[in-house]
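J.: Got a structure for you, questions after.
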Amino acid sequence: MGSEYRPSNQNRRSHTSAFRRTSSWLLLRFVRERSELAMASREGPRATGTDGSDFKHRERVAAHYQMSVALKSEVRKLNIVHALIWLLMAAQVTVSQLGLVSHRLVAQPYQWEYPYLLSIVPCALSLLALPRNNISYLVLAMISAGLFCVAPLIYGAMEMFPVAQQLYRHGKAYRFLFGMPAVTVMYLVVVVAVQVHGWQIYYSKRLLDQWFTSTQEKKKK
């Protein structure tokens, strides 16, 4: 029978050392590949012509874009509510002035309702400003909202206050809208409209800040 081959201690040590080096190299390569894969998944697809060092800038731009989209959505919703209020006011003024129905059914408009009809101007300017991020139109919309929306509502609240006081104290009303005291209905309109226009101006201001920030960052490039 042939003698059994038994590797010497030196051969065993060399084999063990080679195995350890190979294992360490494979482990190091695996860890490096996992690290590169994690960075790639975090950063997403790399823009052409960049080395990924502008990641923070692209993150900031994406955040500004998302915030701008969210604010535009809020402004559009408020503009829709504003347009509905305007249509109701315009319908009342038109029906009353043309005498289409009895004044007992639809009362004569209060004085503040006429200048409030101009509130469609800031609504239109705001809608024109949103698609192309037009700063000038949005600024004009905010200024005209103060003149044609908020100011008539403040004047209307003061104009109707004596009538509301008389209704509260004596229960007497001389103007009606579909059987209800006109002053009650119009005060409800004023309360809703003030909130709508307040939020319009607030969100428009935030949107304007976002656009200014984006414009300044583009100039820095």
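Letters A, B, ... go to the chains of the structure tokens in the order shown; residues in each chain start at 1; ligands are counted from 1 in the same order.
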Could you find all residues in segment 64-180 of chain A that DSSP calls alpha helix (DSSP H) from the backbone, and write them as an NGL selection string?

T.: :A and (64-98 or 113-116 or 120-129 or 135-145 or 151-170)

J.: If we count only C-alpha atoms and set the cut-off at 7 Å, which residues sit around segment 142-145 of chain A, ignoring sequence neighbours fewer than 3 positions away in its own chain? Please answer as a VMD selection string.

T.: chain A and resid 119 122 138 to 139 148 to 150 201

J.: For the residues in the current selection, export C-alpha atoms as a JSON list (two decimals), in the first residue's frame.

T.:
[["chain", "number", "residue", "atom", "x", "y", "z"],
["A", 119, "SER", "CA", -62.04, 91.15, -7.49],
["A", 122, "PRO", "CA", -56.54, 89.51, -9.07],
["A", 138, "LEU", "CA", -48.29, 87.36, -8.99],
["A", 139, "VAL", "CA", -47.18, 90.61, -7.36],
["A", 148, "PHE", "CA", -60.43, 94.89, -4.89],
["A", 149, "CYS", "CA", -61.03, 92.03, -2.45],
["A", 150, "VAL", "CA", -60.13, 92.93, 1.12],
["A", 201, "ILE", "CA", -52.54, 86.27, -0.12]]

J.: To one decimal place, how far is atom CA of Pro131 of chain A from atom CA of Met89 of chain A in Å?

T.: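 Between atom CA of Pro131 of chain A and atom CA of Met89 of chain A the gap is 27.6 Å.
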
J.: Please provide the set of residues having any atom within 7 Å of Ala90 of chain A, restricted to only C-alpha atoms, with same-chain residues fewer than 4 positions apart removed, written as a list in words.

T.: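 Using only C-alpha atoms, the neighbours found are Trp86, Thr94 and Leu117 of chain A.
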
J.: Record the distance separating atom CA of Tyr116 of chain A and atom CA of Ala141 of chain A, expressed in Å with one decimal.

T.: 14.5 Å

J.: For each of A:Tyr203, A:Tyr187, A:Phe176, A:Trp211, take the minimum atom-to-atom distance to Val106 of chain A, counting only C-alpha atoms, then give the residue where this is smallest.

T.: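 Of all the options, A:Phe176 lies closest to Val106 of chain A.
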
J.: Could you name the residues that touch Ser73 of chain A at 12 Å or less, counting only C-alpha atoms, but leaving out those on the same chain fewer than 3 positions away, as a PyMOL selection string?

T.: chain A and resi 66-70+76-80+126-127+130-131+200+203-204+207

J.: Export N, CA, C and O atoms of the chosen residues as an mmCIF file, in the first residue's frame?

T.:
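Okay, again-v6.cif is ready:
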data_model
loop_
_atom_site.group_PDB
_atom_site.id
_atom_site.type_symbol
_atom_site.label_atom_id
_atom_site.label_comp_id
_atom_site.auth_asym_id
_atom_site.auth_seq_id
_atom_site.Cartn_x
_atom_site.Cartn_y
_atom_site.Cartn_z
ATOM 1 N N GLN A 66 -40.971 70.866 -5.524
ATOM 2 C CA GLN A 66 -42.104 70.206 -4.874
ATOM 3 C C GLN A 66 -42.933 71.209 -4.081
ATOM 4 O O GLN A 66 -44.168 71.160 -4.096
ATOM 5 N N MET A 67 -42.263 72.125 -3.373
ATOM 6 C CA MET A 67 -42.986 73.130 -2.598
ATOM 7 C C MET A 67 -43.759 74.060 -3.524
ATOM 8 O O MET A 67 -44.907 74.429 -3.240
ATOM 9 N N SER A 68 -43.159 74.438 -4.647
ATOM 10 C CA SER A 68 -43.833 75.307 -5.603
ATOM 11 C C SER A 68 -45.081 74.633 -6.158
ATOM 12 O O SER A 68 -46.138 75.266 -6.287
ATOM 13 N N VAL A 69 -44.979 73.350 -6.489
ATOM 14 C CA VAL A 69 -46.140 72.622 -7.010
ATOM 15 C C VAL A 69 -47.256 72.569 -5.980
ATOM 16 O O VAL A 69 -48.438 72.774 -6.297
ATOM 17 N N ALA A 70 -46.902 72.306 -4.721
ATOM 18 C CA ALA A 70 -47.913 72.228 -3.661
ATOM 19 C C ALA A 70 -48.602 73.574 -3.441
ATOM 20 O O ALA A 70 -49.828 73.642 -3.289
ATOM 21 N N ARG A 76 -54.624 77.566 -6.683
ATOM 22 C CA ARG A 76 -55.658 77.248 -7.676
ATOM 23 C C ARG A 76 -56.988 76.899 -7.003
ATOM 24 O O ARG A 76 -58.055 77.332 -7.461
ATOM 25 N N LYS A 77 -56.937 76.115 -5.945
ATOM 26 C CA LYS A 77 -58.173 75.756 -5.230
ATOM 27 C C LYS A 77 -58.868 77.003 -4.684
ATOM 28 O O LYS A 77 -60.086 77.147 -4.786
ATOM 29 N N LEU A 78 -58.081 77.900 -4.095
ATOM 30 C CA LEU A 78 -58.656 79.131 -3.547
ATOM 31 C C LEU A 78 -59.206 80.025 -4.658
ATOM 32 O O LEU A 78 -60.231 80.688 -4.473
ATOM 33 N N ASN A 79 -58.536 80.038 -5.798
ATOM 34 C CA ASN A 79 -59.041 80.827 -6.928
ATOM 35 C C ASN A 79 -60.391 80.293 -7.417
ATOM 36 O O ASN A 79 -61.260 81.075 -7.830
ATOM 37 N N ILE A 80 -60.559 78.977 -7.363
ATOM 38 C CA ILE A 80 -61.840 78.391 -7.768
ATOM 39 C C ILE A 80 -62.950 78.822 -6.817
ATOM 40 O O ILE A 80 -64.053 79.211 -7.246
ATOM 41 N N SER A 126 -53.630 85.972 -11.043
ATOM 42 C CA SER A 126 -53.031 84.823 -10.365
ATOM 43 C C SER A 126 -53.010 83.598 -11.270
ATOM 44 O O SER A 126 -52.003 82.877 -11.354
ATOM 45 N N LEU A 127 -54.107 83.370 -11.974
ATOM 46 C CA LEU A 127 -54.166 82.225 -12.889
ATOM 47 C C LEU A 127 -53.164 82.368 -14.034
ATOM 48 O O LEU A 127 -52.601 81.385 -14.506
ATOM 49 N N LEU A 130 -49.408 81.521 -12.662
ATOM 50 C CA LEU A 130 -49.024 80.185 -12.212
ATOM 51 C C LEU A 130 -48.326 79.330 -13.272
ATOM 52 O O LEU A 130 -47.316 78.686 -12.958
ATOM 53 N N PRO A 131 -48.806 79.254 -14.507
ATOM 54 C CA PRO A 131 -48.186 78.313 -15.456
ATOM 55 C C PRO A 131 -46.705 78.559 -15.712
ATOM 56 O O PRO A 131 -45.933 77.613 -15.844
ATOM 57 N N GLN A 200 -55.475 83.226 0.178
ATOM 58 C CA GLN A 200 -54.917 83.511 -1.148
ATOM 59 C C GLN A 200 -53.634 84.337 -1.037
ATOM 60 O O GLN A 200 -52.614 84.018 -1.654
ATOM 61 N N TYR A 203 -50.713 82.177 0.734
ATOM 62 C CA TYR A 203 -50.074 81.185 -0.128
ATOM 63 C C TYR A 203 -49.370 81.845 -1.319
ATOM 64 O O TYR A 203 -48.328 81.344 -1.777
ATOM 65 N N SER A 204 -49.924 82.939 -1.823
ATOM 66 C CA SER A 204 -49.260 83.657 -2.909
ATOM 67 C C SER A 204 -47.920 84.228 -2.441
ATOM 68 O O SER A 204 -46.932 84.204 -3.188
ATOM 69 N N LEU A 207 -45.500 81.365 -2.225
ATOM 70 C CA LEU A 207 -45.119 80.964 -3.578
ATOM 71 C C LEU A 207 -44.147 81.967 -4.195
ATOM 72 O O LEU A 207 -43.187 81.593 -4.866
#

J.: Given only C-alpha atoms as the basis, pick out the residue of A:Leu153, A:Met158, A:Leu147, A:Val196 nearest to Glu74 of chain A.

T.: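 Closest to Glu74 of chain A, using only C-alpha atoms: A:Val196.
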
J.: At a cut-off of 12 Å, using only C-alpha atoms, what residues contact Val81 of chain A? Leave out same-chain residues fewer than 6 positions from it and give the result as an MDAnalysis selection string.

T.: chainID A and resid 74:75 87:88 120 123 189 192:197 199:200

J.: To one decimal place in Å, what is the distance between atom CA of Ala164 of chain A and atom CA of Leu118 of chain A?

T.: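 Computing it gives 25.2 Å between the two atoms.
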
J.: Quick one: of A:Val95, A:Gly156, A:His103, A:His82, who's nearest to Gly179 of chain A, counting only C-alpha atoms?

T.: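 Once distances to Gly179 of chain A are computed over only C-alpha atoms, the minimum belongs to A:His103.
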
J.: Pick the closest to Ala157 of chain A from A:Trp112, A:Tyr137, A:Phe178, A:Tyr202: which is it, counting only C-alpha atoms?

T.: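 Of A:Trp112, A:Tyr137, A:Phe178, A:Tyr202, the one nearest Ala157 of chain A is A:Trp112, counting only C-alpha atoms.
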
J.: Got a sec: who's within 12 Å of Arg175 of chain A, counting only C-alpha atoms, leaving out chain neighbours fewer than 2 positions off, as a VMD selection string?

T.: chain A and resid 96 102 to 110 160 163 to 164 167 172 to 173 177 to 186
